[in-house]
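Source file: model_23.cif; contents: mmCIF, C-alpha atoms.
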```cif
data_target
loop_
_atom_site.label_atom_id
_atom_site.label_comp_id
_atom_site.auth_asym_id
_atom_site.auth_seq_id
_atom_site.Cartn_x
_atom_site.Cartn_y
_atom_site.Cartn_z
CA MET A 1205 276.05 3.94 -100.28
CA SER A 1206 274.24 2.56 -97.29
CA GLU A 1207 272.23 -0.03 -99.12
CA ASP A 1208 272.68 -2.82 -96.66
CA PHE A 1209 270.47 -5.78 -97.19
CA ARG A 1210 269.96 -7.47 -93.90
CA SER A 1211 269.87 -11.18 -93.52
CA CYS A 1212 266.74 -13.22 -93.17
CA GLU A 1213 266.53 -12.48 -89.47
CA THR A 1214 264.96 -9.08 -89.97
CA GLU A 1215 261.70 -10.19 -91.50
CA ASP A 1216 260.79 -12.09 -88.36
CA ALA A 1217 261.02 -8.87 -86.37
CA ASP A 1218 258.61 -7.31 -88.85
CA PHE A 1219 255.81 -9.38 -87.43
CA ASP A 1220 255.96 -7.22 -84.33
CA ARG A 1221 257.37 -3.99 -85.62
CA ARG A 1222 255.60 -0.69 -85.54
CA PRO A 1223 253.81 0.56 -88.63
CA PRO A 1224 256.14 2.23 -91.10
CA ALA A 1225 256.36 6.00 -91.19
CA CYS A 1226 254.82 6.01 -94.64
CA PRO A 1227 251.60 4.13 -95.30
CA ALA A 1228 252.10 0.51 -96.21
CA PRO A 1229 251.87 0.33 -99.98
CA GLU A 1230 249.30 -1.80 -101.71
CA ILE A 1231 250.46 -4.16 -104.37
CA MET A 1232 250.09 -2.89 -107.88
CA ALA A 1233 247.44 -4.25 -110.17
CA PRO A 1234 248.59 -7.69 -111.25
CA SER A 1235 248.04 -6.90 -114.91
CA GLN A 1236 250.86 -4.40 -114.78
CA ALA A 1237 253.44 -6.93 -113.68
CA TYR A 1238 254.92 -9.23 -116.28
CA ASP A 1239 255.68 -12.16 -114.00
CA TRP A 1240 252.41 -11.89 -112.16
CA GLN A 1241 249.74 -13.34 -114.38
CA PRO A 1242 247.00 -14.43 -112.02
CA ALA A 1243 244.85 -17.36 -113.04
CA ALA A 1244 241.30 -16.11 -112.87
CA HIS A 1245 240.03 -19.03 -110.86
CA LYS A 1246 242.82 -19.01 -108.36
CA THR A 1247 244.22 -15.65 -107.43
CA GLN A 1248 242.65 -12.37 -106.56
CA ARG A 1249 243.71 -8.82 -105.92
CA LEU A 1250 245.41 -8.44 -102.59
CA ARG A 1251 243.04 -6.05 -100.95
CA ASN A 1252 240.69 -6.05 -98.00
CA SER A 1253 237.80 -6.78 -100.25
CA HIS A 1254 235.83 -8.33 -97.43
CA LYS A 1255 235.17 -4.78 -96.29
CA THR A 1256 232.12 -3.45 -98.01
CA GLY A 1257 231.19 0.19 -98.13
CA ARG A 1258 231.30 0.71 -101.82
CA GLY A 1259 228.04 0.48 -103.69
CA GLY A 1260 227.08 -2.55 -105.68
CA ALA A 1261 227.55 -6.26 -105.10
CA GLN A 1262 230.84 -7.26 -103.54
CA VAL A 1263 232.35 -10.69 -103.79
CA SER A 1264 233.60 -11.34 -100.28
CA MET A 1265 237.22 -12.40 -100.49
CA PRO A 1266 239.30 -12.91 -97.38
CA SER A 1267 242.21 -10.58 -96.94
CA ASP A 1268 245.72 -11.88 -96.48
CA ASP A 1269 245.40 -11.02 -92.79
CA ASP A 1270 242.24 -13.12 -92.55
CA LEU A 1271 243.92 -16.06 -94.23
CA VAL A 1272 247.02 -15.86 -92.05
CA ALA A 1273 244.85 -15.83 -88.94
CA ALA A 1274 243.05 -18.91 -90.20
CA VAL A 1275 246.36 -20.57 -91.03
CA ALA A 1276 247.42 -20.00 -87.43
CA GLU A 1277 244.32 -21.92 -86.40
CA GLY A 1278 245.32 -24.82 -88.59
CA ASP A 1279 242.74 -24.14 -91.30
CA GLU A 1280 243.85 -26.23 -94.25
CA ARG A 1281 241.70 -24.37 -96.75
CA ALA A 1282 243.22 -21.08 -95.66
CA CYS A 1283 246.68 -22.55 -96.18
CA ARG A 1284 245.67 -23.66 -99.64
CA SER A 1285 244.18 -20.26 -100.46
CA LEU A 1286 247.19 -18.37 -99.22
CA MET A 1287 249.46 -20.63 -101.20
CA ASP A 1288 247.33 -20.34 -104.33
CA ARG A 1289 247.32 -16.61 -103.98
CA HIS A 1290 251.07 -16.07 -103.63
CA LEU A 1291 253.07 -19.12 -104.68
CA THR A 1292 253.30 -18.46 -108.41
CA ARG A 1293 254.54 -14.98 -107.78
CA ILE A 1294 257.12 -16.10 -105.24
CA VAL A 1295 258.40 -18.82 -107.54
CA ALA A 1296 258.69 -16.24 -110.31
CA LEU A 1297 260.60 -13.87 -108.01
CA ALA A 1298 263.02 -16.59 -106.98
CA ARG A 1299 263.43 -17.66 -110.61
CA ARG A 1300 264.54 -14.15 -111.56
CA MET A 1301 266.97 -14.07 -108.66
CA LEU A 1302 268.44 -17.55 -108.90
CA GLY A 1303 268.17 -18.35 -112.59
CA ASN A 1304 266.65 -21.82 -112.45
CA HIS A 1305 263.32 -23.35 -111.58
CA ALA A 1306 264.55 -25.99 -109.14
CA ASP A 1307 266.25 -23.47 -106.88
CA ALA A 1308 263.25 -21.19 -107.18
CA GLU A 1309 260.96 -23.94 -105.93
CA GLU A 1310 263.30 -24.67 -103.02
CA VAL A 1311 263.24 -21.05 -101.92
CA ALA A 1312 259.47 -20.87 -102.35
CA GLN A 1313 259.10 -23.90 -100.12
CA GLU A 1314 261.23 -22.25 -97.47
CA VAL A 1315 259.19 -19.07 -97.72
CA PHE A 1316 255.95 -20.87 -97.07
CA LEU A 1317 257.45 -22.93 -94.30
CA ARG A 1318 258.15 -19.66 -92.58
CA VAL A 1319 254.59 -18.52 -93.19
CA TRP A 1320 253.24 -21.67 -91.53
CA THR A 1321 255.75 -21.35 -88.70
CA HIS A 1322 255.07 -17.71 -87.92
CA ALA A 1323 251.36 -17.44 -88.72
CA ASP A 1324 250.39 -17.46 -85.05
CA ARG A 1325 252.51 -14.37 -84.46
CA TRP A 1326 251.34 -12.32 -87.43
CA GLN A 1327 249.86 -9.00 -86.32
CA PRO A 1328 247.42 -7.54 -88.82
CA GLY A 1329 247.76 -3.85 -89.58
CA ARG A 1330 251.38 -3.54 -88.57
CA ALA A 1331 252.82 -4.48 -91.93
CA GLN A 1332 251.53 -5.60 -95.29
CA PHE A 1333 251.67 -9.37 -95.49
CA SER A 1334 252.65 -9.36 -99.15
CA THR A 1335 255.50 -6.94 -98.37
CA TRP A 1336 256.72 -9.28 -95.67
CA LEU A 1337 256.42 -12.26 -98.00
CA HIS A 1338 258.42 -10.53 -100.71
CA ARG A 1339 261.06 -9.53 -98.21
CA VAL A 1340 261.45 -13.09 -96.92
CA ALA A 1341 261.76 -14.37 -100.47
CA ILE A 1342 264.29 -11.75 -101.56
CA ASN A 1343 266.42 -12.23 -98.45
CA LEU A 1344 266.40 -16.00 -98.80
CA CYS A 1345 267.54 -15.58 -102.39
CA LEU A 1346 270.27 -13.11 -101.42
CA ASP A 1347 271.47 -15.41 -98.66
CA ARG A 1348 271.55 -18.33 -101.08
CA LEU A 1349 273.55 -16.29 -103.59
CA ARG A 1350 276.05 -15.40 -100.87
CA ARG A 1351 276.41 -19.04 -99.90
CA GLN A 1352 276.98 -19.93 -103.55
CA GLY A 1353 279.98 -17.66 -103.62
CA MET A 1354 278.65 -14.23 -104.44
CA THR A 1355 280.43 -12.87 -101.39
CA ASP A 1356 280.45 -9.36 -102.79
CA ILE A 1357 276.88 -8.75 -103.83
CA ASP A 1358 277.94 -5.66 -105.74
CA SER A 1359 280.30 -7.55 -108.01
CA ILE A 1360 279.43 -8.75 -111.45
CA PRO A 1361 279.77 -12.54 -111.47
CA GLU A 1362 281.77 -14.33 -114.14
CA PRO A 1363 279.65 -15.80 -116.90
CA ALA A 1364 278.81 -19.43 -116.34
CA SER A 1365 279.07 -20.35 -119.99
CA GLU A 1366 280.36 -19.01 -123.25
CA GLU A 1367 278.58 -16.11 -124.82
CA PRO A 1368 276.86 -16.87 -128.11
CA GLY A 1369 278.71 -15.55 -131.14
CA PRO A 1370 277.55 -12.22 -132.45
CA TYR A 1371 276.33 -13.68 -135.70
CA GLU A 1372 274.65 -16.70 -134.22
CA GLN A 1373 271.02 -17.12 -135.14
CA LEU A 1374 269.01 -16.81 -131.96
CA ALA A 1375 265.81 -18.78 -131.70
CA GLN A 1376 263.24 -17.50 -129.26
CA ARG A 1377 264.13 -20.23 -126.78
CA ASP A 1378 267.78 -19.22 -126.89
CA LEU A 1379 266.76 -15.61 -126.48
CA ALA A 1380 264.89 -16.45 -123.30
CA ARG A 1381 267.94 -18.28 -122.00
CA SER A 1382 270.16 -15.35 -122.90
CA VAL A 1383 267.94 -12.94 -121.02
CA GLU A 1384 267.95 -15.21 -118.00
CA ALA A 1385 271.73 -15.56 -118.19
CA ALA A 1386 272.12 -11.79 -118.43
CA LEU A 1387 270.02 -11.33 -115.30
CA GLN A 1388 272.23 -13.81 -113.51
CA ARG A 1389 275.22 -11.66 -114.34
CA LEU A 1390 273.82 -8.67 -112.51
CA PRO A 1391 275.06 -7.95 -109.01
CA ALA A 1392 272.59 -9.42 -106.55
CA ARG A 1393 271.21 -6.11 -105.30
CA GLN A 1394 270.59 -4.82 -108.81
CA ARG A 1395 268.96 -8.10 -109.65
CA ALA A 1396 266.70 -7.79 -106.64
CA ALA A 1397 265.67 -4.27 -107.60
CA ILE A 1398 264.77 -5.14 -111.17
CA THR A 1399 263.05 -8.33 -110.08
CA LEU A 1400 260.74 -6.36 -107.82
CA ALA A 1401 260.22 -3.32 -110.02
CA HIS A 1402 260.11 -4.75 -113.53
CA PHE A 1403 259.17 -8.39 -113.12
CA GLN A 1404 256.96 -8.22 -110.04
CA GLY A 1405 255.54 -4.86 -111.10
CA LEU A 1406 255.90 -3.25 -107.71
CA THR A 1407 256.24 0.49 -107.24
CA ASN A 1408 259.48 2.12 -106.21
CA ILE A 1409 257.99 2.66 -102.76
CA GLU A 1410 257.02 -0.99 -102.40
CA ALA A 1411 260.42 -2.15 -103.62
CA ALA A 1412 262.16 0.21 -101.21
CA GLU A 1413 260.14 -1.17 -98.33
CA ILE A 1414 260.88 -4.75 -99.29
CA LEU A 1415 264.57 -4.12 -99.75
CA GLU A 1416 264.69 -1.85 -96.70
CA VAL A 1417 266.45 0.93 -98.55
CA THR A 1418 265.43 4.39 -99.73
CA VAL A 1419 263.47 5.04 -102.89
CA GLU A 1420 266.53 6.85 -104.22
CA ALA A 1421 268.61 3.74 -103.64
CA VAL A 1422 266.08 1.63 -105.52
CA GLU A 1423 266.14 4.05 -108.41
CA SER A 1424 269.92 3.99 -108.50
CA LEU A 1425 269.97 0.19 -108.47
CA LEU A 1426 267.39 0.05 -111.25
CA GLY A 1427 269.29 2.50 -113.44
CA ARG A 1428 272.50 0.56 -113.04
CA ALA A 1429 270.74 -2.75 -113.63
CA ARG A 1430 269.11 -1.59 -116.84
CA ARG A 1431 272.30 -0.01 -118.16
CA GLN A 1432 274.17 -3.23 -117.48
CA LEU A 1433 271.46 -5.31 -119.11
CA ARG A 1434 271.53 -3.09 -122.17
CA VAL A 1435 275.23 -3.87 -122.52
CA LEU A 1436 274.86 -7.58 -121.79
CA LEU A 1437 271.93 -7.98 -124.17
CA ALA A 1438 273.16 -5.75 -126.99
CA THR A 1439 273.52 -8.66 -129.39
CA GLU A 1440 270.27 -10.24 -128.35
CA LYS A 1441 268.44 -6.96 -128.64
CA ALA A 1442 269.63 -6.47 -132.20
CA GLU A 1443 268.55 -9.99 -133.07
CA TRP A 1444 265.23 -9.55 -131.36
CA LEU A 1445 264.55 -6.32 -133.23
CA ARG A 1446 265.33 -8.08 -136.50
CA MET A 1447 263.05 -10.98 -135.54
CA THR A 1448 260.17 -8.77 -134.51
CA SER A 1449 260.42 -6.47 -137.48
CA ASP A 1450 260.05 -9.30 -140.00
CA MET B 1475 262.59 22.93 -117.37
CA ASN B 1476 258.87 23.35 -117.84
CA GLU B 1477 256.56 25.16 -115.47
CA THR B 1478 256.02 22.04 -113.37
CA GLY B 1479 259.69 21.75 -112.52
CA MET B 1480 260.11 18.58 -114.51
CA THR B 1481 263.26 18.48 -116.61
CA LYS B 1482 264.38 16.44 -119.57
CA GLU B 1483 267.15 15.09 -117.42
CA ARG B 1484 264.67 13.84 -114.85
CA VAL B 1485 262.48 12.25 -117.54
CA ALA B 1486 265.58 10.54 -118.89
CA ALA B 1487 266.41 9.33 -115.38
CA LEU B 1488 262.90 7.98 -114.93
CA ILE B 1489 263.06 6.09 -118.20
CA ASP B 1490 266.57 4.92 -117.35
CA ALA B 1491 265.44 3.43 -114.07
CA TYR B 1492 261.86 2.38 -114.56
CA GLY B 1493 261.64 1.68 -118.25
CA ALA B 1494 259.16 2.72 -120.87
CA SER B 1495 255.86 2.14 -119.10
CA PRO B 1496 254.68 5.36 -117.43
CA GLU B 1497 252.56 3.34 -115.00
CA ARG B 1498 255.85 2.15 -113.52
CA TRP B 1499 257.15 5.67 -112.97
CA PRO B 1500 256.77 7.24 -109.51
CA GLU B 1501 253.17 8.31 -109.26
CA ALA B 1502 253.95 11.81 -108.01
CA GLU B 1503 256.07 12.61 -111.04
CA ARG B 1504 254.14 10.81 -113.71
CA PRO B 1505 251.84 13.58 -114.99
CA GLN B 1506 254.63 16.12 -115.31
CA ALA B 1507 256.89 13.58 -116.98
CA LEU B 1508 254.20 12.69 -119.49
CA ALA B 1509 253.60 16.35 -120.25
CA LEU B 1510 257.25 16.92 -120.98
CA LEU B 1511 257.42 13.73 -123.00
CA ALA B 1512 254.72 15.07 -125.28
CA GLN B 1513 256.89 18.09 -126.00
CA SER B 1514 260.26 16.38 -126.41
CA ALA B 1515 261.19 14.23 -129.37
CA SER B 1516 264.47 13.23 -127.76
CA ALA B 1517 262.64 11.99 -124.66
CA ARG B 1518 260.31 9.98 -126.86
CA GLU B 1519 263.31 8.43 -128.56
CA LEU B 1520 264.65 7.38 -125.16
CA LEU B 1521 261.26 5.87 -124.40
CA HIS B 1522 261.28 3.91 -127.63
CA GLU B 1523 264.69 2.46 -126.87
CA ALA B 1524 263.71 1.60 -123.31
CA ARG B 1525 260.63 -0.20 -124.56
CA SER B 1526 262.81 -2.57 -126.60
CA LEU B 1527 264.70 -3.51 -123.46
CA ASP B 1528 261.45 -3.93 -121.51
CA LEU B 1529 260.05 -6.30 -124.09
CA LEU B 1530 263.29 -8.23 -124.28
CA LEU B 1531 263.39 -8.63 -120.50
CA ASN B 1532 259.86 -9.98 -120.63
CA MET B 1533 261.20 -12.95 -122.52
CA ALA B 1534 262.92 -14.27 -119.40
CA PRO B 1535 261.46 -17.68 -118.75
CA VAL B 1536 259.30 -18.53 -115.80
CA ASP B 1537 257.65 -21.81 -114.92
CA LEU B 1538 254.56 -22.38 -112.86
CA PRO B 1539 254.96 -24.07 -109.49
CA SER B 1540 254.91 -27.83 -109.79
CA ALA B 1541 252.20 -29.92 -108.19
CA ALA B 1542 254.93 -31.63 -106.19
CA LEU B 1543 255.99 -28.29 -104.72
CA GLU B 1544 252.43 -27.48 -103.73
CA ASP B 1545 252.11 -30.88 -102.10
CA ARG B 1546 255.35 -30.42 -100.17
CA ILE B 1547 254.27 -26.99 -98.96
CA MET B 1548 250.87 -28.22 -97.84
CA ALA B 1549 252.41 -31.22 -96.16
CA ALA B 1550 254.82 -28.93 -94.29
CA ARG B 1551 252.01 -27.30 -92.34
CA PRO B 1552 252.28 -27.90 -88.61
CA GLY B 1553 249.81 -30.57 -87.68
CA SER B 1554 249.67 -31.96 -91.17
CA VAL B 1555 249.30 -35.72 -91.12
CA ALA B 1556 251.17 -36.34 -94.37
CA GLN B 1557 254.92 -36.03 -94.23
CA PRO B 1558 256.56 -34.58 -97.31
CA ALA B 1559 259.26 -36.16 -99.34
CA LEU B 1560 262.48 -34.21 -98.93
CA ALA B 1561 262.98 -31.32 -101.29
CA ARG B 1562 264.85 -32.16 -104.45
CA PRO B 1563 267.96 -34.28 -103.91
CA THR B 1564 270.96 -32.30 -102.76
CA ARG B 1565 274.29 -32.44 -104.44
CA ARG B 1566 275.86 -34.13 -101.45
CA GLU B 1567 276.81 -37.70 -102.09
CA THR B 1568 276.96 -38.74 -98.44
CA ARG B 1569 274.36 -37.89 -95.82
CA PRO B 1570 275.67 -37.98 -92.27
CA PRO B 1571 273.16 -38.58 -89.51
CA LEU B 1572 270.59 -35.82 -89.33
CA PHE B 1573 271.52 -34.61 -85.86
CA ALA B 1574 275.21 -34.41 -86.66
CA ARG B 1575 274.48 -32.65 -89.89
CA LEU B 1576 272.48 -29.95 -88.17
CA TRP B 1577 274.87 -29.28 -85.31
CA ASN B 1578 278.12 -29.57 -87.23
CA ASP B 1579 277.19 -27.96 -90.49
CA TYR B 1580 274.90 -25.05 -89.75
CA ARG B 1581 277.74 -22.59 -89.94
CA SER B 1582 279.01 -24.08 -93.15
CA ALA B 1583 278.74 -21.89 -96.22
CA ALA B 1584 277.32 -24.90 -98.00
CA PHE B 1585 274.65 -25.57 -95.40
CA PRO B 1586 271.46 -26.10 -97.35
CA THR B 1587 268.61 -24.30 -95.68
CA GLY B 1588 266.22 -26.36 -97.75
CA MET B 1589 267.46 -29.48 -96.05
CA LEU B 1590 267.01 -27.85 -92.69
CA ALA B 1591 263.45 -26.92 -93.53
CA ALA B 1592 262.75 -30.43 -94.70
CA SER B 1593 264.32 -31.82 -91.56
CA ILE B 1594 262.07 -29.70 -89.38
CA VAL B 1595 258.90 -30.76 -91.07
CA LEU B 1596 259.83 -34.37 -90.61
CA GLY B 1597 259.04 -33.67 -86.97
CA MET B 1598 262.25 -35.03 -85.56
CA GLY B 1599 262.38 -34.80 -81.81
CA PHE B 1600 264.72 -31.88 -81.37
CA GLY B 1601 262.91 -30.46 -78.37
CA SER B 1602 265.33 -31.92 -75.88
CA ALA B 1603 268.38 -30.92 -77.89
CA VAL B 1604 267.85 -27.16 -77.90
CA ASN B 1605 267.06 -24.62 -75.25
CA THR B 1606 263.54 -23.29 -75.14
CA THR B 1607 264.30 -19.58 -75.46
CA SER B 1608 262.73 -18.25 -78.62
CA PHE B 1609 264.76 -15.94 -80.78
CA PHE B 1610 261.68 -14.26 -82.18
CA ASP B 1611 258.91 -14.25 -79.67
CA THR B 1612 258.97 -14.63 -75.90
CA SER B 1613 255.19 -14.95 -75.58
CA PRO B 1614 253.82 -18.44 -75.13
CA LEU B 1615 252.88 -20.25 -78.25
CA THR B 1616 249.17 -19.97 -78.74
CA SER B 1617 248.95 -22.89 -81.09
CA THR B 1618 246.37 -25.49 -80.20
CA ALA B 1619 248.54 -28.19 -81.71
CA PRO B 1620 249.51 -31.09 -79.48
CA ILE B 1621 252.38 -30.55 -77.07
CA THR B 1622 254.75 -32.67 -79.13
CA MET B 1623 254.20 -30.65 -82.26
CA ALA B 1624 254.40 -27.35 -80.33
CA SER B 1625 257.79 -28.26 -78.92
CA ASN B 1626 258.87 -29.31 -82.38
CA GLU B 1627 257.64 -25.98 -83.65
CA ALA B 1628 259.65 -24.08 -81.03
CA ALA B 1629 262.62 -26.26 -81.78
CA GLY B 1630 262.03 -25.60 -85.43
CA ASP B 1631 262.17 -21.86 -84.73
CA GLN B 1632 265.48 -22.29 -82.96
CA LEU B 1633 266.92 -24.26 -85.81
CA LEU B 1634 265.64 -21.77 -88.35
CA ALA B 1635 267.22 -19.00 -86.28
CA LEU B 1636 270.49 -20.88 -86.14
CA ALA B 1637 270.44 -21.42 -89.88
CA LEU B 1638 269.59 -17.79 -90.47
CA SER B 1639 272.25 -16.57 -88.07
CA GLU B 1640 274.69 -18.27 -90.38
CA SER B 1641 273.91 -15.66 -92.99
CA SER B 1642 274.74 -12.73 -90.71
CA TYR B 1643 277.84 -14.62 -89.61
CA THR B 1644 278.85 -14.81 -93.25
CA GLU B 1645 278.12 -11.12 -93.74
CA GLU B 1646 280.37 -10.19 -90.83
CA MET B 1647 283.08 -12.37 -92.25
CA ILE B 1648 283.14 -10.52 -95.53
CA ARG B 1649 283.12 -7.01 -94.05
#
```

Can the structure in the file be given as structure tokens, please?
Amino acid sequence: MSEDFRSCETEDADFDRRPPACPAPEIMAPSQAYDWQPAAHKTQRLRNSHKTGRGGAQVSMPSDDDLVAAVAEGDERACRSLMDRHLTRIVALARRMLGNHADAEEVAQEVFLRVWTHADRWQPGRAQFSTWLHRVAINLCLDRLRRQGMTDIDSIPEPASEEPGPYEQLAQRDLARSVEAALQRLPARQRAAITLAHFQGLTNIEAAEILEVTVEAVESLLGRARRQLRVLLATEKAEWLRMTSD
Amino acid sequence: MNETGMTKERVAALIDAYGASPERWPEAERPQALALLAQSASARELLHEARSLDLLLNMAPVDLPSAALEDRIMAARPGSVAQPALARPTRRETRPPLFARLWNDYRSAAFPTGMLAASIVLGMGFGSAVNTTSFFDTSPLTSTAPITMASNEAAGDQLLALALSESSYTEEMIR
């Protein structure tokens, strides 16, 4: 299958690339994504809401393109707004990919460093900023996983620790850790697909654009990921069903 | 197959890939899939099972960004007066001089990109150490930042490119 994930170099070219053949997707409603729980005072829908045209009062919110342009001019408030708008989501994405908060924060820092570095070259309308941001984050995570020894990103890594016994009582905290550990056992590309589709709540089209593969490839990765997770979490699922049915 | 062309197999494939929430299914297929679901008890059973996995996955932990991270990111803006503390301590016990570390280690599989990023934002004077050809953009920098910072920014781009080229180097190695 030609599901090559390119290295981080590609997303820089995206600043100047032509518009995609299909319309750039808009990010799904945040409420539909589990990891994306926007704080009401901080984050807003990622749309060009500064454009009026619909009836009724409109709260004027700058678009991502507006903010990036302001960032390029050194506008500190724009930097803060852009960070407030996207950082939580990027940290969550990296957490799903890398399995721990510290690494997730490191990747998130690198992502935003690239935003600051490239803001003056961002061309509005050629690509969706959030798509680019996701792609940078995913590729940084994939590169990090390769450097950590996942040289074959299709292989299933060895478990880092012992599996809990089948009859072990699982507290909710342990369940969370088990789920996280199971995700870490997925091949990197499957992990990326389920991170974008399930945890970030993106559509198959958005995920395909971020991963630079076909929609069919995304679907295949997702199916494999979920089947693998079902196997890995069989014990946990049984426990969870018992816990939730009490 | 019903009159829309949707099949039980396709509904099963949708649930298999996207889980139990129809809003996550491909938009073009959603109405037909829902219609078939209403008619098929076996499809609804698949949905029920998929929902358990969905809810279990949602237990994966996630933490909010720390204030320290936000501070480091804000401090990393070009032109920012405040210099950030380095990202969290690396696992390396010894830290060779910064310049040597960058030029000797960038092709190392263990090269920490985070350290590189932190090094760049410290504003070290790398301008004279690298050529001025940009990997990404040949147009002049339009930044209004002072010359020193602009050259650091260009140098930063080069170093980022070098660090990133390490990843394609690694990919070629494993093919």

Just so the selection is clear, what residues does the PyMOL selection byres ((chain A) within 6 of (chain B)) cover here, as a PyMOL selection string?
chain A and resi 1211+1292+1296+1313+1320+1351+1380+1383-1384+1423+1426-1427

Exactly which residues make up the result of the PyMOL selection byres ((chain A and resi 1312) around 9) on this file, given as a ChimeraX atom specification?
/A:1291-1292,1294-1295,1298,1307-1311,1313-1317,1341 /B:1543,1547

One number please: atom CA of Pro1505 of chain B to atom CA of Arg1393 of chain A, in Å, one decimal.
29.3 Å

Would you mind telling me which residue in B:Ala1502, B:Ala1517, B:His1522, B:Ala1512 lies nearest to Val1485 of chain B when using all atoms listed in the file?
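Of B:Ala1502, B:Ala1517, B:His1522, B:Ala1512, the one nearest Val1485 of chain B is B:Ala1517, counting all atoms listed in the file.
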
On this structure, the PyMOL selection byres ((chain A and resi 1385) around 10) would catch which residues? List them as a list in words, sorted by chain and number.
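Residues picked by the PyMOL selection byres ((chain A and resi 1385) around 10): Arg1300, Gly1303, Asn1304, Pro1363, Ala1364, Ser1365, Glu1367, Leu1379, Ala1380, Arg1381, Ser1382, Val1383, Glu1384, Ala1386, Leu1387, Gln1388, Arg1389, Leu1390, Leu1436 and Leu1437 of chain A; Ala1534 of chain B.
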
Atomic separation - atom CA of Pro1496 of chain B relative to atom CA of Leu1508 of chain B, Å
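One can read the atom CA of Leu1508 of chain B to atom CA of Pro1496 of chain B distance as 7.6 Å.
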
Around all the atoms of segment 1325-1335 of chain A listed in the file, with 6 Å of room on each side, what axis-aligned box do you get, giving centre and edge lengths in Å to one decimal, as lines of an AutoDock Vina configuration file?
```
center_x = 251.5
center_y = -9.0
center_z = -91.8
size_x = 20.1
size_y = 22.8
size_z = 26.7
```

Between atom CA of Val1275 of chain A and atom CA of Leu1337 of chain A, what distance in Å does the model show, to one decimal?
14.8 Å

Could you pull the residues within 8 Å of Ala1396 of chain A, counting all atoms listed in the file, minus those fewer than 3 positions along the same chain, as JSON, numbers by chain?
{"A": [1301, 1342, 1392, 1393, 1399, 1400]}
